[in-house]
Amino acid sequence: MTHVLLVSKEKIGLEPMAIELLKDNKNVIHQLDSGQQALALVGQEKIDVVVVAEELSDSDGLSFVKDLTKKYPLINCAMISSLPHDEFHEETEGLGVFMQLPRNPGAKETEQMMGLLESINVLMTM
C-alpha cells in the first residue's frame, strides 16, 4: 500500500490527482487542508509521499515543506508551484522536494510522480 497525503487549502485543485490515485487500489489517500494537521498525521501514520499545494489553510506550501522536512527529513515530498522551474529549484533546494507539479495536476503528472516515487523506493532499498 502506498499512503499519499494531499495537503491543500482547496481540495478541488487536487481532485483529479486523487481520482487518478484511487484507480490503483494499492493507494490510500489522505486529504487535509492544514499544515498542522498534516504534520500530526505524518507523526502518527506511515505516509509514503506528501503532495503540497501552494496555499494551505494555515500557511503557505513552502513554509509547510520547511517544517515538514525539519521534522521528517526522509519524507518524500512533491510540491505544486507556478514558479518557473529554475526559481522553484532555487526556493526548494535542500528541502528534499523530488518533484514540482503544476496547478491542478492530472493523470499525466500523477503517473510521473508515482513513477518517480517507485524509482526512489527502489534506490532506497539497494
# chains A, B, ... in the order shown; residues from 1 in each chain; ligands from 1
>>> residues_around(residues="stretch 8-13 of chain A", least_positions_apart="6", cutoff="9 Å", atoms="only C-alpha atoms", output="list of chain:residue names")
A:Gln31, A:Leu32, A:Asp33, A:Ser34, A:Gly35, A:Val51, A:Val52, A:Ala53, A:Glu54, A:Glu55, A:Leu56, A:Ser57, A:Asp58, A:Gly61, A:Arg103, A:Asn104, A:Pro105
>>> write_last_selection(atoms="all heavy atoms", output="short mmCIF file (atom, residue, chain, number, x, y, z; two decimals), in the first residue's frame")
data_model
loop_
_atom_site.label_atom_id
_atom_site.label_comp_id
_atom_site.auth_asym_id
_atom_site.auth_seq_id
_atom_site.Cartn_x
_atom_site.Cartn_y
_atom_site.Cartn_z
N GLN A 31 -6.51 13.43 2.69
CA GLN A 31 -6.58 14.82 2.24
C GLN A 31 -6.81 15.73 3.44
O GLN A 31 -7.75 15.51 4.22
CB GLN A 31 -7.71 15.01 1.24
CG GLN A 31 -7.38 14.47 -0.13
CD GLN A 31 -8.41 14.87 -1.17
OE1 GLN A 31 -9.46 14.24 -1.27
NE2 GLN A 31 -8.09 15.90 -1.93
N LEU A 32 -5.95 16.73 3.57
CA LEU A 32 -6.06 17.70 4.65
C LEU A 32 -5.84 19.10 4.08
O LEU A 32 -5.20 19.25 3.04
CB LEU A 32 -5.01 17.41 5.74
CG LEU A 32 -5.15 16.07 6.46
CD1 LEU A 32 -3.94 15.82 7.35
CD2 LEU A 32 -6.42 16.05 7.29
N ASP A 33 -6.35 20.11 4.78
CA ASP A 33 -6.15 21.47 4.31
C ASP A 33 -5.17 22.26 5.17
O ASP A 33 -4.75 23.34 4.83
CB ASP A 33 -7.48 22.22 4.22
CG ASP A 33 -8.17 22.42 5.57
OD1 ASP A 33 -7.64 21.96 6.60
OD2 ASP A 33 -9.23 23.05 5.59
N SER A 34 -4.74 21.69 6.27
CA SER A 34 -3.90 22.40 7.24
C SER A 34 -2.52 21.75 7.36
O SER A 34 -2.41 20.52 7.46
CB SER A 34 -4.60 22.36 8.60
OG SER A 34 -3.70 22.52 9.66
N GLY A 35 -1.51 22.58 7.41
CA GLY A 35 -0.16 22.08 7.63
C GLY A 35 -0.01 21.44 8.99
O GLY A 35 0.66 20.41 9.13
N VAL A 51 1.98 15.48 -1.05
CA VAL A 51 1.82 16.44 -2.14
C VAL A 51 1.29 17.72 -1.53
O VAL A 51 0.23 17.72 -0.90
CB VAL A 51 0.86 15.91 -3.23
CG1 VAL A 51 0.67 16.94 -4.33
CG2 VAL A 51 1.37 14.58 -3.80
N VAL A 52 2.03 18.81 -1.71
CA VAL A 52 1.72 20.07 -1.05
C VAL A 52 1.35 21.14 -2.07
O VAL A 52 2.10 21.38 -3.02
CB VAL A 52 2.93 20.56 -0.22
CG1 VAL A 52 2.61 21.84 0.52
CG2 VAL A 52 3.39 19.48 0.74
N ALA A 53 0.21 21.79 -1.85
CA ALA A 53 -0.21 22.89 -2.71
C ALA A 53 0.50 24.17 -2.30
O ALA A 53 1.16 24.24 -1.25
CB ALA A 53 -1.73 23.07 -2.62
N GLU A 54 0.33 25.21 -3.09
CA GLU A 54 0.96 26.50 -2.78
C GLU A 54 0.34 27.15 -1.56
O GLU A 54 1.03 27.84 -0.81
CB GLU A 54 0.84 27.44 -3.98
CG GLU A 54 1.71 27.01 -5.15
CD GLU A 54 1.60 27.92 -6.35
OE1 GLU A 54 0.49 28.04 -6.91
OE2 GLU A 54 2.63 28.51 -6.72
N GLU A 55 -0.96 26.94 -1.35
CA GLU A 55 -1.65 27.56 -0.22
C GLU A 55 -2.34 26.50 0.63
O GLU A 55 -3.06 25.65 0.12
CB GLU A 55 -2.69 28.56 -0.72
CG GLU A 55 -2.10 29.79 -1.38
CD GLU A 55 -1.28 30.65 -0.43
OE1 GLU A 55 -1.68 30.79 0.75
OE2 GLU A 55 -0.22 31.16 -0.85
N LEU A 56 -2.13 26.59 1.93
CA LEU A 56 -2.81 25.73 2.89
C LEU A 56 -3.70 26.63 3.74
O LEU A 56 -3.58 27.86 3.70
CB LEU A 56 -1.78 25.01 3.77
CG LEU A 56 -0.63 24.32 3.04
CD1 LEU A 56 0.28 23.63 4.04
CD2 LEU A 56 -1.13 23.35 2.00
N SER A 57 -4.57 26.05 4.52
CA SER A 57 -5.48 26.88 5.32
C SER A 57 -4.76 27.66 6.41
O SER A 57 -5.25 28.70 6.85
CB SER A 57 -6.59 26.02 5.93
OG SER A 57 -6.05 25.13 6.88
N ASP A 58 -3.58 27.18 6.83
CA ASP A 58 -2.88 27.84 7.92
C ASP A 58 -1.48 28.35 7.58
O ASP A 58 -0.79 28.88 8.43
CB ASP A 58 -2.81 26.91 9.14
CG ASP A 58 -2.09 25.60 8.86
OD1 ASP A 58 -1.72 25.34 7.69
OD2 ASP A 58 -1.90 24.82 9.80
N GLY A 61 2.56 26.78 1.20
CA GLY A 61 3.13 25.46 0.98
C GLY A 61 4.62 25.38 1.30
O GLY A 61 5.09 24.41 1.90
N ARG A 103 -0.25 23.50 -11.18
CA ARG A 103 -1.57 23.62 -10.55
C ARG A 103 -2.51 22.63 -11.21
O ARG A 103 -2.44 22.37 -12.40
CB ARG A 103 -2.11 25.03 -10.72
CG ARG A 103 -1.39 26.02 -9.87
CD ARG A 103 -2.03 27.36 -9.96
NE ARG A 103 -1.33 28.26 -9.05
CZ ARG A 103 -1.67 29.51 -8.87
NH1 ARG A 103 -2.70 30.01 -9.51
NH2 ARG A 103 -0.99 30.26 -8.04
N ASN A 104 -3.42 22.07 -10.42
CA ASN A 104 -4.40 21.10 -10.90
C ASN A 104 -3.75 19.92 -11.63
O ASN A 104 -4.07 19.65 -12.78
CB ASN A 104 -5.45 21.77 -11.79
CG ASN A 104 -6.13 22.92 -11.09
OD1 ASN A 104 -6.53 22.81 -9.95
ND2 ASN A 104 -6.23 24.05 -11.77
N PRO A 105 -2.84 19.20 -10.97
CA PRO A 105 -2.18 18.07 -11.63
C PRO A 105 -3.20 17.00 -12.01
O PRO A 105 -4.13 16.72 -11.27
CB PRO A 105 -1.20 17.57 -10.58
CG PRO A 105 -1.72 18.08 -9.28
CD PRO A 105 -2.45 19.35 -9.57
#
>>> closest_atom_pairs(of="stretch 8-81 of chain A", to="stretch 106-115 of chain A", cutoff="7 Å", atoms="only C-alpha atoms", output="Markdown table")
| residue | atom | partner | partner_atom | distance |
| --- | --- | --- | --- | --- |
| A:Pro16 | CA | A:Gly106 | CA | 5.3 |
| A:Met17 | CA | A:Gly106 | CA | 5.3 |
| A:Glu20 | CA | A:Ala107 | CA | 5.9 |
>>> atom_distance(atom1="atom CA of A:Met124", atom2="atom CA of A:Ile75")
12.0 Å
>>> residues_around(residues="A:Gln100", least_positions_apart="6", cutoff="9 Å", atoms="only C-alpha atoms", output="MDAnalysis selection string")
chainID A and resid 78:82 85 88:89
>>> atom_distance(atom1="atom CA of A:Val50", atom2="atom CA of A:Leu101")
12.0 Å
>>> residues_around(residues="A:Gly94", least_positions_apart="5", cutoff="12 Å", atoms="only C-alpha atoms", output="VMD selection string")
chain A and resid 65 to 66 69 to 70 73 to 74 88 to 89
>>> write_last_selection(atoms="C-alpha atoms", output="compact mmCIF listing (two decimals), in the first residue's frame")
# COMPACT_ATOMS: atom_id res chain seq x y z
CA VAL A 65 7.56 21.94 3.47
CA LYS A 66 10.33 23.57 5.50
CA THR A 69 11.46 18.31 6.28
CA LYS A 70 12.89 19.60 9.57
CA PRO A 73 13.92 14.71 6.67
CA LEU A 74 13.43 11.47 4.75
CA PHE A 88 11.30 26.63 -7.94
CA HIS A 89 14.56 24.71 -7.72
>>> atom_distance(atom1="atom CA of A:Glu93", atom2="atom CA of A:Ile29")
26.8 Å
